[in-house]
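Source file: run_34.cif; contents: mmCIF, C-alpha atoms.
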data_model
loop_
_atom_site.label_atom_id
_atom_site.label_comp_id
_atom_site.auth_asym_id
_atom_site.auth_seq_id
_atom_site.Cartn_x
_atom_site.Cartn_y
_atom_site.Cartn_z
CA MET A 18 33.03 67.61 3.78
CA LYS A 19 31.40 69.46 6.63
CA SER A 20 30.54 67.42 9.66
CA ASN A 21 27.08 67.70 11.16
CA GLY A 22 28.63 67.30 14.58
CA ARG A 23 27.13 63.89 15.19
CA SER A 24 29.43 60.91 15.71
CA LEU A 25 29.05 57.96 13.36
CA LEU A 26 30.25 55.52 16.03
CA PRO A 27 26.82 54.93 17.63
CA LEU A 28 25.38 54.17 14.20
CA LEU A 29 28.24 51.81 13.39
CA PHE A 30 27.89 50.17 16.80
CA ALA A 31 24.16 49.76 16.32
CA ALA A 32 24.72 48.24 12.91
CA LEU A 33 27.37 45.86 14.21
CA THR A 34 25.29 44.98 17.26
CA GLY A 35 22.30 44.28 15.08
CA THR A 36 24.42 42.00 12.92
CA ALA A 37 25.77 40.21 15.99
CA LEU A 38 22.27 39.79 17.38
CA SER A 39 21.17 38.46 14.03
CA PHE A 40 23.94 35.88 14.01
CA THR A 41 23.19 34.99 17.63
CA ALA A 42 19.56 34.43 16.79
CA LEU A 43 20.55 32.25 13.88
CA SER A 44 22.89 30.28 16.13
CA PHE A 45 20.12 29.60 18.65
CA THR A 46 17.78 28.64 15.84
CA ALA A 47 20.35 26.18 14.48
CA LEU A 48 20.91 24.79 17.97
CA ALA A 49 17.19 24.23 18.43
CA ALA A 50 16.98 22.57 15.04
CA ASP A 51 19.71 20.13 16.04
CA THR A 52 17.43 18.56 18.67
CA THR A 53 14.64 17.90 16.18
CA LEU A 54 14.67 14.24 15.14
CA PRO A 55 13.70 13.11 11.64
CA ALA A 56 10.18 11.68 11.82
CA GLY A 57 9.54 8.06 10.90
CA GLU A 58 10.11 4.49 12.01
CA TYR A 59 13.39 3.26 13.49
CA LEU A 60 14.29 -0.35 14.22
CA ALA A 61 16.74 -1.59 16.83
CA LYS A 62 19.84 -3.46 15.73
CA GLY A 63 18.77 -7.08 15.79
CA GLY A 64 15.12 -6.15 15.31
CA TRP A 65 14.17 -6.33 18.99
CA GLY A 66 12.64 -2.84 19.16
CA THR A 67 10.59 -0.34 17.16
CA LEU A 68 10.68 3.42 17.69
CA ILE A 69 8.19 5.76 16.01
CA ILE A 70 8.98 9.49 15.93
CA GLN A 71 6.23 11.95 14.99
CA LYS A 72 6.72 15.25 13.19
CA ALA A 73 7.62 18.25 15.37
CA ALA A 74 4.79 20.48 16.56
CA ASN A 75 4.93 23.30 19.12
CA GLY A 76 8.53 22.49 20.01
CA GLN A 77 7.96 18.84 20.76
CA GLN A 78 7.65 15.46 19.04
CA GLY A 79 5.42 12.56 19.95
CA PHE A 80 7.01 9.12 20.12
CA SER A 81 6.15 5.50 20.85
CA LEU A 82 8.57 2.69 21.58
CA GLU A 83 8.04 -1.06 21.77
CA SER A 84 10.81 -3.55 22.53
CA LEU A 85 11.06 -7.28 23.12
CA GLY A 86 13.35 -8.92 25.63
CA ALA A 87 14.03 -12.48 26.73
CA ASN A 88 11.23 -14.98 27.37
CA GLY A 89 8.53 -12.78 25.85
CA HIS A 90 9.08 -9.86 28.21
CA SER A 91 8.61 -6.45 26.61
CA CYS A 92 8.72 -2.66 27.07
CA SER A 93 6.07 -0.19 25.97
CA LEU A 94 6.28 3.58 26.39
CA ASP A 95 5.14 6.72 24.65
CA GLY A 96 5.11 10.45 25.25
CA SER A 97 6.58 13.69 23.96
CA ILE A 98 10.20 14.63 23.26
CA ARG A 99 11.38 18.17 23.92
CA ASN A 100 15.00 19.23 23.39
CA GLY A 101 16.04 15.60 22.97
CA GLU A 102 14.43 14.35 26.20
CA ALA A 103 11.15 12.82 27.33
CA ASN A 104 10.09 12.94 30.97
CA LEU A 105 7.49 10.26 31.61
CA HIS A 106 5.36 10.01 34.72
CA GLU A 107 2.38 7.83 35.59
CA ASP A 108 0.15 7.69 38.65
CA TRP A 109 1.81 4.47 39.76
CA GLN A 110 5.31 6.01 39.61
CA GLU A 111 7.17 7.67 42.46
CA GLY A 112 9.65 9.44 40.19
CA VAL A 113 10.06 10.50 36.58
CA CYS A 114 11.44 8.29 33.83
CA ASN A 115 13.84 10.47 31.87
CA VAL A 116 14.62 9.15 28.39
CA LYS A 117 17.17 10.78 26.10
CA PHE A 118 17.10 10.66 22.30
CA LYS A 119 20.22 11.55 20.32
CA TRP A 120 20.63 11.51 16.55
CA GLN A 121 23.73 9.56 15.51
CA ASP A 122 24.70 8.68 11.94
CA ASN A 123 21.65 6.94 10.46
CA GLY A 124 19.68 6.44 13.64
CA ILE A 125 18.73 7.46 17.16
CA GLU A 126 20.49 6.45 20.36
CA VAL A 127 17.97 5.95 23.17
CA SER A 128 19.17 5.97 26.78
CA ASN A 129 17.97 6.57 30.32
CA GLU A 130 19.97 7.35 33.43
CA GLN A 131 17.31 6.82 36.11
CA ASN A 132 16.86 3.17 35.21
CA GLU A 133 14.73 2.31 38.25
CA ASN A 134 12.17 5.00 37.40
CA CYS A 135 11.74 3.43 33.96
CA ARG A 136 11.42 -0.21 35.07
CA GLY A 137 7.64 0.02 35.28
CA TYR A 138 7.45 0.35 31.51
CA CYS A 139 9.22 -2.99 30.99
CA GLY A 140 8.99 -6.61 31.91
CA ALA A 141 11.69 -8.04 34.16
CA ARG A 142 13.84 -9.29 31.28
CA ALA A 143 13.39 -6.44 28.83
CA SER A 144 14.92 -3.01 28.26
CA PHE A 145 14.69 -0.31 25.61
CA ASP A 146 18.14 1.34 25.62
CA GLY A 147 20.07 1.03 22.40
CA SER A 148 20.56 2.14 18.80
CA TYR A 149 17.48 2.45 16.61
CA LEU A 150 18.32 2.64 12.92
CA LYS A 151 16.50 4.01 9.93
CA PRO A 152 15.59 0.76 8.13
CA ALA A 153 16.99 0.12 4.67
CA ALA A 154 14.67 0.41 1.69
CA GLY A 155 12.10 -2.39 1.83
CA CYS A 156 12.92 -3.25 5.46
CA SER A 157 10.41 -1.17 7.43
CA THR A 158 7.66 -2.98 9.34
CA GLU A 159 5.06 -2.09 6.72
CA ALA A 160 7.34 -2.90 3.77
CA LEU A 161 8.12 -6.35 5.21
CA ARG A 162 4.42 -7.00 5.84
CA GLN A 163 3.65 -6.19 2.22
CA THR A 164 6.55 -8.35 1.01
CA ARG A 165 5.29 -11.34 3.00
CA ASN A 166 1.75 -10.89 1.67
CA ARG A 167 2.98 -10.65 -1.91
CA PHE A 168 5.27 -13.64 -1.39
CA LYS A 169 2.38 -15.77 -0.17
CA LYS A 170 0.25 -14.86 -3.18
CA LEU A 171 3.07 -15.70 -5.57
CA TYR A 172 3.86 -18.96 -3.79
CA ASP A 173 0.20 -20.03 -3.63
CA SER A 174 -0.14 -19.33 -7.36
CA LYS A 175 2.95 -21.52 -7.93
CA ASP A 176 5.00 -18.61 -9.25
CA TYR A 177 8.00 -19.91 -7.34
CA ALA A 178 10.54 -17.95 -9.37
CA GLY A 179 8.75 -14.68 -8.63
CA ALA A 180 8.38 -15.62 -4.96
CA GLU A 181 12.10 -16.41 -4.70
CA ARG A 182 13.12 -13.12 -6.35
CA LEU A 183 10.89 -11.20 -3.95
CA LEU A 184 11.93 -12.88 -0.70
CA ALA A 185 15.66 -13.53 -1.15
CA PRO A 186 16.75 -9.86 -0.78
CA VAL A 187 15.18 -9.66 2.68
CA LEU A 188 17.95 -11.81 4.16
CA SER A 189 20.70 -9.54 2.84
CA ASP A 190 19.09 -6.10 2.75
CA CYS A 191 17.31 -6.32 6.12
CA LYS A 192 19.80 -8.39 8.12
CA THR A 193 20.81 -5.56 10.47
CA THR A 194 17.27 -4.87 11.70
CA LEU A 195 15.63 -8.28 11.26
CA HIS A 196 14.71 -10.16 14.44
CA TRP A 197 16.51 -13.51 14.63
CA LEU A 198 13.27 -15.54 14.66
CA ASP A 199 11.94 -13.58 11.69
CA GLU A 200 15.18 -14.32 9.88
CA LEU A 201 14.79 -18.06 10.51
CA ALA A 202 11.15 -17.98 9.38
CA THR A 203 12.24 -16.18 6.21
CA ARG A 204 14.93 -18.80 5.63
CA ASN A 205 12.38 -21.59 5.92
CA ASP A 206 10.03 -19.93 3.43
CA LEU A 207 12.85 -19.21 1.00
CA ALA A 208 14.35 -22.71 1.28
CA LEU A 209 11.05 -24.40 0.52
CA THR A 210 10.59 -22.10 -2.48
CA GLN A 211 14.07 -22.97 -3.73
CA ALA A 212 13.25 -26.67 -3.37
CA LYS A 213 10.14 -26.17 -5.48
CA LEU A 214 12.40 -24.62 -8.13
CA GLY A 215 14.68 -27.66 -8.04
CA GLN A 216 17.47 -25.69 -6.36
CA GLY A 217 18.36 -28.35 -3.79
CA LYS A 218 21.83 -27.08 -2.94
CA ALA A 219 20.63 -23.50 -2.53
CA CYS A 220 17.79 -24.79 -0.34
CA ARG A 221 20.21 -26.59 1.96
CA SER A 222 22.57 -23.61 2.07
CA THR A 223 19.70 -21.31 3.11
CA LEU A 224 18.97 -23.59 6.09
CA GLU A 225 22.60 -24.16 7.04
CA SER A 226 22.39 -22.42 10.43
CA MET A 227 19.64 -24.84 11.58
CA ILE A 228 20.86 -28.12 10.06
CA GLU A 229 22.59 -29.53 13.16
CA ASP A 230 19.65 -28.76 15.44
CA ALA A 231 17.21 -30.10 12.85
CA LYS A 232 19.09 -33.42 12.95
CA ARG A 233 18.69 -33.49 16.75
CA TYR A 234 14.98 -32.66 16.64
CA SER A 235 13.09 -35.84 17.54
CA GLY A 236 9.51 -34.82 16.84
CA PRO A 237 6.73 -32.60 18.24
CA GLN A 238 5.66 -35.15 20.85
CA ASP A 239 9.10 -35.35 22.45
CA ASP A 240 10.98 -33.00 24.73
CA ASN A 241 13.46 -31.13 22.53
CA THR A 242 14.38 -28.42 24.99
CA ALA A 243 17.95 -29.75 25.23
CA ILE A 244 18.45 -28.15 21.80
CA CYS A 245 17.93 -24.75 23.44
CA ASP A 246 20.48 -25.38 26.17
CA SER A 247 23.69 -26.60 24.63
CA GLY A 248 27.21 -25.28 24.52
CA ASP A 249 27.26 -21.54 25.17
CA ARG A 250 23.61 -21.10 24.17
CA TYR A 251 20.65 -20.95 26.51
CA LEU A 252 17.18 -19.93 25.37
CA PRO A 253 14.47 -19.31 27.98
CA PRO A 254 11.13 -21.13 27.48
CA ALA A 255 9.29 -18.62 25.23
CA ASP A 256 12.35 -18.11 23.00
CA CYS A 257 12.95 -21.85 22.93
CA ASP A 258 9.39 -22.50 21.75
CA GLY A 259 9.86 -20.01 18.92
CA TYR A 260 13.18 -21.51 17.92
CA LEU A 261 11.92 -25.10 18.01
CA ARG A 262 9.06 -24.16 15.67
CA GLN A 263 11.61 -22.99 13.13
CA VAL A 264 13.84 -26.05 13.67
CA ARG A 265 10.86 -28.34 13.15
CA ALA A 266 10.03 -26.54 9.88
CA ALA A 267 13.67 -26.72 8.83
CA LYS A 268 13.73 -30.49 9.41
CA THR A 269 10.77 -30.88 7.06
CA ASN A 270 12.20 -28.46 4.51
CA LEU A 271 15.58 -30.24 4.49
CA GLY A 272 13.70 -33.27 3.23
CA TRP A 273 12.45 -31.16 0.34
CA CYS A 274 16.00 -29.93 -0.25
CA GLU A 275 17.19 -33.53 -0.49
CA ARG A 276 14.45 -34.46 -2.95
CA ALA A 277 15.50 -31.47 -5.04
CA GLY A 278 19.09 -32.69 -5.16
CA GLY A 279 20.49 -30.88 -2.14
#

What would you get if you wrote out this structure as structure tokens?
Amino acid sequence: MKSNGRSLLPLLFAALTGTALSFTALSFTALAADTTLPAGEYLAKGGWGTLIIQKAANGQQGFSLESLGANGHSCSLDGSIRNGEANLHEDWQEGVCNVKFKWQDNGIEVSNEQNENCRGYCGARASFDGSYLKPAAGCSTEALRQTRNRFKKLYDSKDYAGAERLLAPVLSDCKTTLHWLDELATRNDLALTQAKLGQGKACRSTLESMIEDAKRYSGPQDDNTAICDSGDRYLPPADCDGYLRQVRAAKTNLGWCERAGG
């Protein structure tokens, strides 16, 4: 074959270079995609925080975060995430609050290094760092609200069997992301329902974690705060009030358990 005198190397180089550039572009695209967080609601382990991630738009994602600390103190912040970080600044701040969001397993790890610059978003006894998980099916904030509404309707209509079937799975399915006071409230509702069904032993078992404190509870007119400060447990005033409400309900419900054979 007669050569036209032109080397094929530049053409091969151009082809190879184009391929390399194509792969490089794909690599950068994949890297950018890695920082995009799945949109939706995430709940902190223990149910003390809620993180909402919006869908990506123009290279960023809106977010809002609410968390609850000791004694009713809380955090509240919102803004935009770009490349896994949000830089928040308000007129009352001297610096910038840098918050990092990293996808891990089934949730998002939220952290901040300049803690002092983020303190203004929180009460003195609250923080927002931690793992926020994708809630299990039926355990999102909205799903739990609907479950409670449906439970109340079933209970009020005296469909105790239906109410029990609806509420019981919450304690097992949602345990990881259920706030401890919400868990106790759920236990009280479920126990009373079980008593109405004549399931006295199941009723008592559901309330087991509060039985000892329920025995110590002396009535709403008395000072029961010693219950909140015993052994290795100390609950500050707001948390103590919430706990004593559940203990008081448990004391009443244990009476129903006993009447049902428990």

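For the pair atom CA of Ala153 of chain A and atom CA of Ser84 of chain A, the interatomic distance is 19.3 Å.
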
Worksheet item: So how far away is atom CA of Ile70 of chain A from atom CA of His106 of chain A, in Å?
Response: 19.1 Å

Worksheet item: Between atom CA of Leu224 of chain A and atom CA of Arg182 of chain A, what is the spacing in Å?
Response: 17.3 Å

Item to complete: Given the file shown, enumerate the residues that the PyMOL selection byres ((chain A and resi 169-173) around 12) captures and present them as a list of chain:residue names.
Response: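 Against this file, the PyMOL selection byres ((chain A and resi 169-173) around 12) returns the residues A:Arg162, A:Gln163, A:Thr164, A:Arg165, A:Asn166, A:Arg167, A:Phe168, A:Ser174, A:Lys175, A:Asp176, A:Tyr177, A:Ala178, A:Gly179, A:Ala180, A:Glu181, A:Arg182, A:Leu183, A:Leu184, A:Thr203, A:Asp206, A:Leu207, A:Leu209, A:Thr210, A:Gln211, A:Lys213, A:Leu214.
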
Item to complete: Counting only C-alpha atoms, figure out which residue out of A:Gly217, A:Gly112, A:Pro237, A:Gly147 gets nearest to Glu126 of chain A.
Response: A:Gly147

Worksheet item: What's the 9 Å shell around Ala231 of chain A, counting only C-alpha atoms, without same-chain residues fewer than 6 positions away, as a PyMOL selection string?
Response: chain A and resi 261+264-269+271

Worksheet item: So which one's closest to Ile244 of chain A, A:Lys117, A:Arg136, A:Arg262, A:Lys151? Using only C-alpha atoms, please.
Response: A:Arg262

Discussion item. Can you translate the PyMOL selection byres ((chain A and resi 279) around 6) into the concrete residues it hits in this file, as number ranges by chain?
Written reply: A: 217-218, 221, 274-275, 277-278
